[in-house]
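*Asks:* Got a structure for you, start.txt, holding compact mmCIF, C-alpha atoms.
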```
# COMPACT_ATOMS: atom_id res chain seq x y z
CA MET G 1 0.00 0.00 0.00
CA LYS G 2 1.34 3.43 -0.91
CA ILE G 3 1.95 5.62 2.13
CA PHE G 4 1.10 9.30 1.77
CA SER G 5 2.87 11.49 4.31
CA SER G 6 2.11 15.19 4.60
CA ASN G 7 4.25 15.95 7.66
CA SER G 8 7.01 17.94 6.00
CA ASP G 9 4.57 19.82 3.76
CA LEU G 10 1.76 20.56 6.19
CA GLN G 11 3.29 20.96 9.64
CA THR G 12 3.46 24.75 9.50
CA VAL G 13 0.12 25.05 7.73
CA LEU G 14 -1.53 22.76 10.30
CA LEU G 15 -0.01 24.62 13.25
CA ASN G 16 -1.05 28.04 11.95
CA ARG G 17 -4.55 26.81 11.20
CA PHE G 18 -4.94 25.25 14.66
CA VAL G 19 -3.68 28.36 16.47
CA ARG G 20 -6.07 30.51 14.46
CA TYR G 21 -9.01 28.24 15.30
CA VAL G 22 -8.38 28.08 19.06
CA ARG G 23 -8.37 31.87 19.22
CA CYS G 24 -11.98 31.81 17.96
CA TRP G 25 -14.40 31.75 20.88
CA SER G 26 -16.97 29.00 20.35
CA GLU G 27 -18.02 27.94 23.84
CA SER G 28 -21.42 26.26 24.00
CA SER G 29 -24.12 26.48 26.69
CA GLY G 30 -25.56 23.32 28.18
CA GLU G 31 -28.45 25.28 29.68
CA ASN G 32 -29.50 26.73 26.33
CA ALA G 33 -28.97 23.45 24.48
CA ASP G 34 -31.24 21.65 26.97
CA LYS G 35 -33.94 24.17 26.02
CA GLY G 36 -33.63 23.19 22.35
CA ILE G 37 -31.64 26.25 21.24
CA MET G 38 -29.35 25.26 18.34
CA PRO G 39 -26.67 26.40 18.25
CA SER G 40 -26.76 27.16 21.94
CA THR G 41 -24.52 30.24 21.61
CA SER G 42 -24.05 32.91 18.96
CA GLN G 43 -20.26 32.58 19.05
CA GLN G 44 -20.46 29.08 17.58
CA LYS G 45 -22.17 30.48 14.52
CA VAL G 46 -19.57 33.25 14.19
CA PHE G 47 -16.83 30.60 14.14
CA ALA G 48 -18.85 28.48 11.70
CA LYS G 49 -19.23 31.38 9.26
CA SER G 50 -15.49 32.02 9.17
CA LEU G 51 -14.82 28.31 8.74
CA LEU G 52 -17.34 28.10 5.91
CA THR G 53 -15.53 30.84 4.04
CA GLU G 54 -12.25 28.98 4.50
CA ILE G 55 -13.42 25.58 3.28
CA LYS G 56 -14.96 27.18 0.20
CA ALA G 57 -11.56 28.70 -0.55
CA VAL G 58 -9.95 25.27 -0.06
CA GLY G 59 -12.22 24.01 -2.82
CA LEU G 60 -14.94 22.03 -1.08
CA LYS G 61 -18.25 22.02 -2.91
CA ASN G 62 -21.88 22.42 -1.87
CA ALA G 63 -20.55 24.11 1.28
CA GLN G 64 -23.35 25.43 3.46
CA LEU G 65 -24.22 26.48 7.00
CA THR G 66 -27.63 25.30 8.20
CA ALA G 67 -29.96 27.41 10.32
CA ASP G 68 -29.11 25.15 13.27
CA GLY G 69 -25.38 25.78 12.98
CA TYR G 70 -24.08 22.74 11.07
CA ILE G 71 -21.52 23.05 8.30
CA TYR G 72 -21.83 20.57 5.43
CA ALA G 73 -19.48 20.31 2.46
CA VAL G 74 -18.04 17.70 0.11
CA LEU G 75 -14.77 17.10 -1.72
CA PRO G 76 -15.94 15.55 -5.01
CA ALA G 77 -14.45 12.25 -6.17
CA SER G 78 -11.36 12.20 -8.35
CA LYS G 79 -12.06 11.71 -12.04
CA GLY G 80 -12.89 8.06 -12.61
CA MET G 81 -13.42 7.41 -8.89
CA GLU G 82 -17.10 8.31 -8.80
CA TYR G 83 -17.96 4.64 -8.17
CA VAL G 84 -16.08 4.60 -4.83
CA PRO G 85 -18.50 4.80 -1.86
CA PRO G 86 -18.27 8.17 -0.10
CA PHE G 87 -17.35 8.54 3.55
CA CYS G 88 -17.89 11.41 5.97
CA LEU G 89 -15.53 13.14 8.42
CA LEU G 90 -16.85 14.93 11.51
CA ALA G 91 -15.55 17.29 14.16
CA HIS G 92 -17.34 19.72 16.47
CA LEU G 93 -17.26 23.49 16.59
CA ASP G 94 -17.88 24.07 20.28
CA THR G 95 -15.75 23.96 23.40
CA VAL G 96 -17.07 22.89 26.79
CA ASP G 97 -18.66 25.52 29.04
CA GLU G 98 -17.15 24.08 32.25
CA VAL G 99 -13.89 25.99 31.63
CA SER G 100 -13.65 29.32 29.82
CA GLY G 101 -12.75 29.16 26.15
CA LYS G 102 -12.84 32.92 25.59
CA ASP G 103 -9.70 34.86 24.65
CA VAL G 104 -7.53 31.77 24.35
CA LYS G 105 -3.85 32.69 24.13
CA PRO G 106 -2.01 29.66 22.72
CA ILE G 107 1.65 29.17 23.60
CA ILE G 108 3.91 27.10 21.33
CA HIS G 109 6.64 25.11 23.08
CA ALA G 110 8.98 24.08 20.26
CA SER G 111 10.93 20.84 20.68
CA TYR G 112 9.66 20.45 24.25
CA ASP G 113 12.41 19.09 26.51
CA GLY G 114 10.34 18.00 29.53
CA ALA G 115 10.91 21.04 31.73
CA ARG G 116 8.08 21.92 34.11
CA ILE G 117 5.66 24.34 32.42
CA ASP G 118 4.31 27.02 34.75
CA LEU G 119 1.33 28.84 33.28
CA GLN G 120 -0.82 31.59 34.77
CA ASP G 121 -3.17 31.09 37.73
CA GLY G 122 -0.98 28.34 39.15
CA VAL G 123 -1.58 25.93 36.27
CA VAL G 124 1.33 23.49 35.95
CA LEU G 125 2.19 20.83 33.37
CA ASP G 126 4.71 18.34 34.73
CA VAL G 127 6.04 15.20 33.04
CA THR G 128 6.11 13.43 36.42
CA GLU G 129 2.31 13.72 36.55
CA ASP G 130 1.48 13.09 32.88
CA ALA G 131 2.87 10.04 31.09
CA TYR G 132 1.74 11.29 27.68
CA LEU G 133 3.54 14.60 28.26
CA ALA G 134 6.65 12.65 29.25
CA GLN G 135 6.42 10.73 25.98
CA ALA G 136 6.08 13.97 24.03
CA ALA G 137 9.16 15.31 25.80
CA ALA G 138 11.17 12.16 25.05
CA GLU G 139 10.34 12.60 21.37
CA ARG G 140 10.97 16.38 21.52
CA ASP G 141 7.49 17.14 20.18
CA THR G 142 6.38 20.68 19.62
CA ILE G 143 3.42 21.11 21.97
CA ILE G 144 0.80 23.81 22.30
CA THR G 145 -0.83 24.96 25.55
CA SER G 146 -3.00 27.87 26.60
CA ASP G 147 -1.60 30.53 28.94
CA GLY G 148 -3.41 28.84 31.85
CA THR G 149 -6.34 31.25 32.12
CA THR G 150 -8.51 29.21 29.72
CA LEU G 151 -8.68 25.80 28.17
CA LEU G 152 -6.84 25.36 24.85
CA GLY G 153 -9.65 24.12 22.61
CA ALA G 154 -7.89 21.15 21.00
CA ASP G 155 -11.21 19.45 21.74
CA ASP G 156 -12.12 19.65 18.97
CA LYS G 157 -10.36 22.35 16.98
CA ALA G 158 -7.45 19.97 16.50
CA GLY G 159 -9.91 17.68 14.72
CA ILE G 160 -11.25 20.48 12.54
CA ALA G 161 -7.73 21.63 11.63
CA GLU G 162 -6.73 18.08 10.72
CA ILE G 163 -9.76 17.51 8.52
CA VAL G 164 -9.43 20.79 6.64
CA SER G 165 -5.67 20.31 6.22
CA ALA G 166 -6.08 16.73 4.99
CA LEU G 167 -8.71 17.69 2.42
CA GLU G 168 -6.64 20.64 1.24
CA TYR G 169 -3.66 18.30 0.80
CA ILE G 170 -5.71 15.65 -1.03
CA LYS G 171 -7.19 18.24 -3.37
CA SER G 172 -3.78 19.66 -4.28
CA HIS G 173 -2.11 16.24 -4.80
CA LYS G 174 -3.77 14.73 -7.85
CA GLU G 175 -1.88 11.44 -7.40
CA ILE G 176 -4.14 10.66 -4.42
CA LYS G 177 -7.20 9.06 -5.99
CA HIS G 178 -10.31 9.18 -3.85
CA GLY G 179 -14.06 8.90 -3.77
CA ALA G 180 -16.30 11.69 -2.51
CA ILE G 181 -15.46 12.86 1.01
CA GLU G 182 -18.21 14.59 2.96
CA VAL G 183 -17.65 16.84 5.98
CA ILE G 184 -19.87 17.78 8.90
CA PHE G 185 -18.77 20.33 11.50
CA SER G 186 -21.37 20.27 14.26
CA PRO G 187 -22.36 22.62 17.08
CA ASP G 188 -23.05 21.61 20.68
CA GLU G 189 -21.28 18.27 20.87
CA GLU G 190 -20.12 19.16 24.36
CA THR G 191 -23.70 19.71 25.52
CA GLY G 192 -24.77 16.26 24.35
CA HIS G 193 -26.96 17.73 21.60
CA GLY G 194 -24.51 17.65 18.70
CA MET G 195 -26.60 15.36 16.51
CA ASP G 196 -30.06 16.62 17.50
CA LYS G 197 -30.58 18.46 14.22
CA VAL G 198 -27.84 17.02 12.01
CA PRO G 199 -28.82 17.39 8.32
CA LEU G 200 -29.07 13.68 7.56
CA HIS G 201 -30.77 14.45 4.26
CA LEU G 202 -27.51 15.92 2.97
CA ILE G 203 -25.28 12.99 3.95
CA LYS G 204 -24.80 10.36 1.25
CA SER G 205 -22.12 8.34 3.10
CA LYS G 206 -22.92 4.98 4.69
CA CYS G 207 -20.05 5.32 7.17
CA ALA G 208 -18.28 8.17 8.92
CA TYR G 209 -15.36 8.94 11.22
CA THR G 210 -15.24 11.47 14.04
CA VAL G 211 -11.86 13.13 14.61
CA ASP G 212 -12.31 13.82 18.30
CA GLY G 213 -10.00 11.49 20.25
CA GLY G 214 -6.80 11.95 22.21
CA HIS G 215 -3.38 10.31 22.21
CA ILE G 216 -1.76 9.09 19.01
CA GLY G 217 -2.85 5.60 18.01
CA GLN G 218 -6.10 5.53 19.93
CA LEU G 219 -8.96 4.12 17.86
CA GLU G 220 -12.30 4.10 19.61
CA THR G 221 -15.08 1.76 18.58
CA GLU G 222 -17.04 1.59 21.84
CA CYS G 223 -18.30 4.12 24.33
CA PHE G 224 -20.56 4.56 27.31
CA ASN G 225 -24.30 4.25 27.32
CA ALA G 226 -25.28 7.65 28.68
CA TYR G 227 -28.26 9.09 30.54
CA GLY G 228 -28.87 12.38 32.26
CA ALA G 229 -30.88 12.37 35.49
CA GLU G 230 -32.68 15.17 37.33
CA VAL G 231 -33.77 14.62 40.91
CA THR G 232 -36.04 17.27 42.43
CA PHE G 233 -36.83 17.32 46.15
CA TRP G 234 -39.83 19.24 47.50
CA GLY G 235 -39.75 20.54 51.05
CA LYS G 236 -41.90 22.74 53.25
CA ALA G 237 -40.92 26.27 54.22
CA ALA G 238 -41.51 27.71 57.67
CA HIS G 239 -40.12 30.47 59.82
CA THR G 240 -36.81 29.21 61.17
CA GLY G 241 -37.79 30.24 64.72
CA ASP G 242 -40.88 28.03 64.57
CA ALA G 243 -39.52 25.39 62.18
CA ARG G 244 -39.95 22.43 64.53
CA ARG G 245 -43.51 23.30 65.54
CA ASN G 246 -44.56 24.11 61.97
CA GLY G 247 -42.96 21.04 60.39
CA MET G 248 -40.26 22.56 58.21
CA VAL G 249 -38.90 20.14 55.61
CA ASN G 250 -35.61 21.33 54.12
CA ALA G 251 -35.21 20.27 50.49
CA VAL G 252 -31.57 21.40 50.46
CA HIS G 253 -30.71 19.05 53.33
CA THR G 254 -32.50 16.24 51.51
CA ALA G 255 -30.53 16.90 48.34
CA ALA G 256 -27.30 16.90 50.33
CA ARG G 257 -28.18 13.54 51.87
CA PHE G 258 -28.94 12.17 48.40
CA ILE G 259 -25.54 13.31 47.08
CA GLU G 260 -23.77 11.84 50.11
CA ASN G 261 -25.40 8.46 49.41
CA ILE G 262 -24.05 8.22 45.86
CA PRO G 263 -21.50 5.37 46.16
CA SER G 264 -18.04 6.91 46.59
CA GLY G 265 -16.45 4.15 44.52
CA GLU G 266 -18.73 4.86 41.56
CA ARG G 267 -17.87 8.48 40.86
CA PRO G 268 -15.81 9.75 37.89
CA GLU G 269 -12.83 10.52 40.12
CA THR G 270 -12.72 6.94 41.47
CA THR G 271 -13.28 4.97 38.26
CA ASP G 272 -11.50 4.23 34.99
CA GLY G 273 -11.31 1.65 32.18
CA TYR G 274 -14.66 -0.09 31.78
CA ASP G 275 -16.06 1.15 35.13
CA GLY G 276 -19.31 3.05 34.97
CA PHE G 277 -20.19 5.94 37.27
CA PHE G 278 -22.65 8.45 38.71
CA ALA G 279 -21.52 12.07 38.28
CA VAL G 280 -23.22 14.86 40.25
CA MET G 281 -22.92 17.86 37.95
CA GLU G 282 -25.12 20.50 39.55
CA CYS G 283 -27.04 21.15 42.76
CA SER G 284 -29.22 24.16 43.44
CA GLY G 285 -32.23 25.00 45.54
CA THR G 286 -34.04 26.47 48.51
CA VAL G 287 -35.88 25.05 51.50
CA GLU G 288 -38.95 24.41 49.35
CA LYS G 289 -37.27 22.97 46.26
CA ALA G 290 -33.82 21.58 45.49
CA CYS G 291 -32.61 20.01 42.25
CA VAL G 292 -29.67 17.67 41.64
CA LYS G 293 -28.51 16.94 38.09
CA LEU G 294 -26.44 13.85 37.38
CA LEU G 295 -24.79 11.99 34.53
CA LEU G 296 -25.12 8.20 34.48
CA ARG G 297 -22.57 6.20 32.48
CA ASP G 298 -22.16 2.47 31.86
CA PHE G 299 -20.77 0.33 29.04
CA THR G 300 -23.60 -2.23 29.20
CA GLU G 301 -27.35 -1.79 28.92
CA GLN G 302 -27.92 -4.01 31.95
CA GLY G 303 -25.49 -1.91 33.96
CA MET G 304 -27.30 1.25 32.93
CA ALA G 305 -30.68 -0.20 33.92
CA GLU G 306 -29.24 -0.99 37.36
CA ARG G 307 -27.86 2.54 37.70
CA ILE G 308 -31.25 4.05 36.89
CA GLU G 309 -32.89 1.89 39.55
CA LYS G 310 -30.20 2.79 42.09
CA VAL G 311 -30.79 6.52 41.59
CA LYS G 312 -34.52 6.02 42.07
CA LYS G 313 -34.05 3.99 45.27
CA ILE G 314 -31.56 6.41 46.83
CA ALA G 315 -33.77 9.39 45.97
CA VAL G 316 -36.91 7.83 47.46
CA ALA G 317 -35.09 6.63 50.58
CA CYS G 318 -33.61 10.09 51.22
CA ALA G 319 -36.95 11.81 50.61
CA ASP G 320 -38.73 9.44 52.99
CA SER G 321 -36.12 9.87 55.72
CA CYS G 322 -36.44 13.68 55.51
CA ARG G 323 -40.23 13.76 55.02
CA ALA G 324 -39.76 15.38 51.59
CA LYS G 325 -41.33 14.58 48.25
CA VAL G 326 -39.27 13.69 45.19
CA ASP G 327 -39.54 13.59 41.40
CA VAL G 328 -36.95 11.72 39.32
CA SER G 329 -36.59 11.99 35.54
CA PHE G 330 -34.12 10.50 33.05
CA ARG G 331 -33.07 11.40 29.51
CA GLN G 332 -31.09 9.13 27.23
CA GLN G 333 -28.13 10.98 25.71
CA TYR G 334 -26.38 8.34 23.58
CA LYS G 335 -25.77 4.60 23.31
CA ASN G 336 -22.68 2.41 23.09
CA MET G 337 -21.78 2.13 19.39
CA LYS G 338 -19.93 -1.20 19.72
CA ALA G 339 -22.72 -3.54 18.61
CA VAL G 340 -23.38 -1.58 15.42
CA LEU G 341 -19.69 -1.29 14.52
CA ASP G 342 -19.18 -5.00 15.16
CA SER G 343 -21.86 -5.67 12.54
CA VAL G 344 -19.95 -3.75 9.82
CA PRO G 345 -16.30 -4.74 10.34
CA SER G 346 -15.11 -3.12 7.10
CA VAL G 347 -15.70 0.34 8.60
CA VAL G 348 -13.17 -0.31 11.35
CA LYS G 349 -10.82 -2.32 9.12
CA ASN G 350 -10.49 0.56 6.66
CA ILE G 351 -9.51 3.08 9.31
CA ALA G 352 -7.12 0.60 10.98
CA ASP G 353 -5.45 0.06 7.58
CA ALA G 354 -5.18 3.84 7.19
CA TYR G 355 -3.46 4.07 10.59
CA ARG G 356 -0.86 1.52 9.54
CA ALA G 357 -0.37 3.14 6.14
CA ALA G 358 0.41 6.35 8.02
CA GLY G 359 2.89 4.54 10.26
CA VAL G 360 0.61 4.47 13.31
CA GLU G 361 -0.33 1.26 15.10
CA PRO G 362 -3.99 1.36 16.24
CA VAL G 363 -4.64 1.00 19.97
CA TYR G 364 -8.26 0.12 20.74
CA THR G 365 -9.49 1.99 23.79
CA PRO G 366 -13.04 2.54 25.09
CA ILE G 367 -14.33 6.11 25.12
CA ARG G 368 -15.12 7.13 28.68
CA GLY G 369 -17.64 9.53 27.26
CA GLY G 370 -19.26 9.91 23.89
CA THR G 371 -18.88 11.66 20.58
CA ASP G 372 -21.17 12.85 17.85
CA GLY G 373 -20.25 9.50 16.30
CA SER G 374 -22.07 7.70 19.09
CA ARG G 375 -25.29 9.43 18.13
CA LEU G 376 -24.66 9.20 14.40
CA THR G 377 -24.14 5.45 14.76
CA GLU G 378 -27.57 5.25 16.41
CA LEU G 379 -28.98 7.18 13.46
CA GLY G 380 -27.73 4.52 11.03
CA ILE G 381 -24.26 5.74 9.99
CA PRO G 382 -21.54 3.67 11.74
CA THR G 383 -18.91 6.11 13.07
CA PRO G 384 -15.69 5.17 14.91
CA ASN G 385 -13.54 7.87 16.52
CA ILE G 386 -9.88 8.60 15.77
CA PHE G 387 -7.18 10.44 17.73
CA THR G 388 -6.33 14.13 17.34
CA GLY G 389 -3.17 14.50 19.46
CA GLY G 390 -4.99 16.56 22.10
CA HIS G 391 -4.65 15.81 25.84
CA ASN G 392 -6.16 16.82 29.20
CA TYR G 393 -9.43 17.92 27.62
CA HIS G 394 -11.91 20.13 29.51
CA SER G 395 -9.20 21.72 31.63
CA ARG G 396 -6.74 24.58 31.72
CA ARG G 397 -3.99 21.94 31.59
CA GLU G 398 -5.03 20.98 28.05
CA TRP G 399 -2.23 20.58 25.51
CA ALA G 400 -1.73 19.24 22.00
CA SER G 401 1.21 17.60 20.23
CA LEU G 402 1.94 18.94 16.75
CA PRO G 403 3.58 15.71 15.49
CA GLN G 404 0.56 13.74 16.70
CA MET G 405 -1.74 16.19 14.93
CA CYS G 406 0.29 15.66 11.75
CA ALA G 407 -0.05 11.90 12.19
CA ALA G 408 -3.85 12.23 12.45
CA THR G 409 -3.83 14.30 9.25
CA ASP G 410 -1.82 11.56 7.53
CA VAL G 411 -4.34 8.95 8.70
CA LEU G 412 -7.16 10.91 7.03
CA ILE G 413 -5.17 11.30 3.80
CA ASN G 414 -4.42 7.59 3.72
CA LEU G 415 -8.02 6.70 4.55
CA ALA G 416 -9.09 8.15 1.21
CA ALA G 417 -6.59 5.90 -0.60
CA VAL G 418 -7.45 2.83 1.52
CA ILE G 419 -11.16 3.07 0.68
CA VAL G 420 -10.33 3.25 -3.04
CA LEU G 421 -8.22 0.07 -2.73
CA ALA G 422 -10.94 -1.67 -0.71
CA ASN G 423 -13.44 -1.08 -3.53
CA LYS G 424 -11.35 -2.16 -6.52
```
Translate the structure of the given file into structure tokens.
*Replies:*
Amino acid sequence: MKIFSSNSDLQTVLLNRFVRYVRCWSESSGENADKGIMPSTSQQKVFAKSLLTEIKAVGLKNAQLTADGYIYAVLPASKGMEYVPPFCLLAHLDTVDEVSGKDVKPIIHASYDGARIDLQDGVVLDVTEDAYLAQAAAERDTIITSDGTTLLGADDKAGIAEIVSALEYIKSHKEIKHGAIEVIFSPDEETGHGMDKVPLHLIKSKCAYTVDGGHIGQLETECFNAYGAEVTFWGKAAHTGDARRNGMVNAVHTAARFIENIPSGERPETTDGYDGFFAVMECSGTVEKACVKLLLRDFTEQGMAERIEKVKKIAVACADSCRAKVDVSFRQQYKNMKAVLDSVPSVVKNIADAYRAAGVEPVYTPIRGGTDGSRLTELGIPTPNIFTGGHNYHSRREWASLPQMCAATDVLINLAAVIVLANK
């Protein structure tokens, strides 16, 4: 198999593109997204409009921005390759709202030597605490961080930069024969609503690949089953001086008892690998009403069913012990994509072959989370997830490796060639 390598040609282009993207504020809002607002923030659409202009200049066709904030475009097939089945590449426009993504100031650490990196606000990157950073230092990677006051935004602007750079490279190198390659850049992935209004009617591909992973080599074909839960406790207000006589019931105390009864060994900070968890994400309220919002995650459907029942039982028990009332509701967010991908092995085989053609050995790891690909798989388009070279997502300690980003770009370039060979 011919190996196409863009590293020497595209490293500077990729770096400049990535730095430009992370400076664009595109933070989403979980609160707005839960209300059905798409995109959930105006800044996502501002970023999308600038990106649309860029991909048109690169030469993608039928490029458009939907009213709901999705970018769609296609790189038409090479002459004579129209028979090759198309595939779709996806990345998301937004950054998480848990950590500020406004006014990102990227810092480039060329040929990083492993020295402790002290950023603003006491943010430290240390190879003794981060094995992937130690590996990057051993290989003298160029890495990119923020200045410590914000996240970096490699999740998922590294993925966007890699897709655009790969398609630009393919288009300008006529020796790379390829079928049609579709692109979707989606809003609100971080809110769990990234595929709520995806323009399926535009997508012709029967398979897709999200570029939204982490360390080089990681290839993700399974993920959590995911639910959101909202537990609302109802109390009874009374004057605090007469609370005992008038039967005060404090909903805040009840909510606190509920949170305390979540098993300590089944929280995000105490689990890894294939462990599931309960994650308390928000608690607010008054004496009369208090609300706790949780995320429930499990790799199996049976495990998820048990977690749902456990939340119900803990909530009812705490309400009864405090003489409060309780309402519990659940919302499915996404499902494990493993069963669907197992049923179409060629989808995974093609991307694994592209890894190896690019000189990267695939490492199969479960996603302790989800991607737009999880939802798209549910909607009938099998979608594994590939690495981007980004690390420490959703934090001010986020960083990205430029050589790993180049490797991801090479994987995408080689994927186009692999799919042609698979259909000869």
*Asks:* Using only C-alpha atoms, which protein or nucleic acid residues come within 9 Å of G:Thr232? Drop anything in the same chain fewer than 3 positions from it, and give the result as a PyMOL selection string.
*Replies:* chain G and resi 251+255+289-293+315+325-329
*Asks:* Once you have the residues from the selection above, write them out as a tab-separated table (two decimals), in the coordinates of the input, restricted to C-alpha atoms.
*Replies:*
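What follows is the written file selection-v8.tsv:
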```
chain	number	residue	atom	x	y	z
G	251	ALA	CA	-35.21	20.27	50.49
G	255	ALA	CA	-30.53	16.90	48.34
G	289	LYS	CA	-37.27	22.97	46.26
G	290	ALA	CA	-33.82	21.58	45.49
G	291	CYS	CA	-32.61	20.01	42.25
G	292	VAL	CA	-29.67	17.67	41.64
G	293	LYS	CA	-28.51	16.94	38.09
G	315	ALA	CA	-33.77	9.39	45.97
G	325	LYS	CA	-41.33	14.58	48.25
G	326	VAL	CA	-39.27	13.69	45.19
G	327	ASP	CA	-39.54	13.59	41.40
G	328	VAL	CA	-36.95	11.72	39.32
G	329	SER	CA	-36.59	11.99	35.54
```
*Asks:* Kindly provide, as lines of an AutoDock Vina configuration file, the centre and edge lengths (Å, one decimal) of an axis-aligned box around all atoms of stretch 228-246 of chain G given in the file, with 8 Å on each side.
*Replies:*
```
center_x = -36.7
center_y = 21.4
center_z = 48.9
size_x = 31.7
size_y = 34.1
size_z = 49.3
```
*Asks:* By how many Å are atom CA of G:Lys310 and atom CA of G:Val287 apart?
*Replies:*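 Atom-to-atom, atom CA of G:Lys310 and atom CA of G:Val287 are spaced 24.8 Å apart.
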*Asks:* In the coordinates of the file, take the point (-21.0, 4.1, 43.3) and a cut-off of 12 Å; then, counting all atoms listed in the file, name each qualifying protein, DNA or RNA residue as a list in words.
*Replies:*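 These residues have at least one counted atom within 12 Å: Ile259, Glu260, Asn261, Ile262, Pro263, Ser264, Gly265, Glu266, Arg267, Pro268, Glu269, Thr270, Thr271, Asp275, Gly276, Phe277, Phe278, Ala279, Val280, Leu296, Arg297, Asp298, Gly303, Glu306, Arg307, Lys310, Val311 and Ile314 of chain G.
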*Asks:* Between G:Val123, G:Ala57, G:Val46, G:Cys223, which has the minimum distance to G:Asp372 (counting only C-alpha atoms)?
*Replies:* G:Cys223
*Asks:* Between G:Leu52, G:Val348, G:Val360, G:Ala226, single out the one closest to G:Ser374, counting all atoms listed in the file.
*Replies:*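 For G:Ser374, the nearest of the candidates is G:Ala226.
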*Asks:* Rounded to one decimal place, report the atom CA of G:Asp188-atom CA of G:Val164 distance in Å.
*Replies:* 19.6 Å
*Asks:* May I have the residues within 12 Å of stretch 139-145 of chain G as number ranges by chain, using all atoms listed in the file and disregarding those fewer than 4 positions away in the same chain?
*Replies:* G: 11-12, 15-16, 18-19, 22, 104-115, 117-120, 123-125, 132-135, 149-154, 158, 389-393, 395-406
*Asks:* Which is closer to G:Glu230 than all the others in G:Ile308, G:Asn246, G:Asp156, G:Gly217, using all atoms listed in the file?
*Replies:* G:Ile308
*Asks:* Dump as a VMD selection string all residues having an atom at most 9 Å from (-7.4, 0.2, 4.2), computed in the file's coordinates with all atoms listed in the file.
*Replies:* chain G and resid 1 346 349 to 357 414 to 422
*Asks:* Quick one: write out the picked residues with C-alpha atoms as a compact mmCIF listing (two decimals), in the coordinates of the input?
*Replies:*
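Dumped everything to selection.txt:
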```txt
# COMPACT_ATOMS: atom_id res chain seq x y z
CA MET G 1 0.00 0.00 0.00
CA SER G 346 -15.11 -3.12 7.10
CA LYS G 349 -10.82 -2.32 9.12
CA ASN G 350 -10.49 0.56 6.66
CA ILE G 351 -9.51 3.08 9.31
CA ALA G 352 -7.12 0.60 10.98
CA ASP G 353 -5.45 0.06 7.58
CA ALA G 354 -5.18 3.84 7.19
CA TYR G 355 -3.46 4.07 10.59
CA ARG G 356 -0.86 1.52 9.54
CA ALA G 357 -0.37 3.14 6.14
CA ASN G 414 -4.42 7.59 3.72
CA LEU G 415 -8.02 6.70 4.55
CA ALA G 416 -9.09 8.15 1.21
CA ALA G 417 -6.59 5.90 -0.60
CA VAL G 418 -7.45 2.83 1.52
CA ILE G 419 -11.16 3.07 0.68
CA VAL G 420 -10.33 3.25 -3.04
CA LEU G 421 -8.22 0.07 -2.73
CA ALA G 422 -10.94 -1.67 -0.71
```
*Asks:* Which neighbours of G:Ser29 fall inside 12 Å, counting all atoms listed in the file, when residues of the same chain fewer than 2 positions from it are skipped, and could you give them as an MDAnalysis selection string?
*Replies:* chainID G and resid 26:27 31:44 94:101 187:194
*Asks:* Out of G:Cys283, G:Leu65, G:Leu412, G:Met195, which residue has the shortest atom-to-atom distance to G:Tyr169 when counting only C-alpha atoms?
*Replies:* G:Leu412
*Asks:* Name all residues at most 12 Å from G:Thr383 (count all atoms listed in the file; drop same-chain ones fewer than 2 positions away) and give them as a VMD selection string.
*Replies:* chain G and resid 87 to 91 205 to 212 219 to 223 336 to 342 344 to 348 350 to 351 370 to 381 385 to 386
*Asks:* Using all atoms listed in the file, which of G:Thr365, G:Ser186, G:Asn250, G:Ser284 sits nearest G:Ala319?
*Replies:*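 When distances to G:Ala319 are compared using all atoms listed in the file, the smallest one comes from G:Asn250.
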*Asks:* Considering all atoms listed in the file, state which residue in the set G:Tyr72, G:Tyr83, G:Ala358, G:Val363 is at the smallest distance from G:His201.
*Replies:*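 Looking at the shortest contact to G:His201, the residue is G:Tyr72.
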*Asks:* Tell me which protein, DNA and RNA residues are within 10 Å of G:Thr66, counting all atoms listed in the file, leaving out same-chain ones fewer than 4 positions away, and put them as a PDB file with C-alpha atoms, in the coordinates of the input.
*Replies:*
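So the final result, stored in selection_30.pdb, reads:
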```pdb
ATOM      1  CA  LYS G  45     -22.170  30.480  14.520  1.00  0.00           C
ATOM      2  CA  ALA G  48     -18.850  28.480  11.700  1.00  0.00           C
ATOM      3  CA  TYR G  70     -24.080  22.740  11.070  1.00  0.00           C
ATOM      4  CA  ILE G  71     -21.520  23.050   8.300  1.00  0.00           C
ATOM      5  CA  TYR G  72     -21.830  20.570   5.430  1.00  0.00           C
ATOM      6  CA  LYS G 197     -30.580  18.460  14.220  1.00  0.00           C
ATOM      7  CA  VAL G 198     -27.840  17.020  12.010  1.00  0.00           C
ATOM      8  CA  PRO G 199     -28.820  17.390   8.320  1.00  0.00           C
TER       9      PRO G 199
END
```
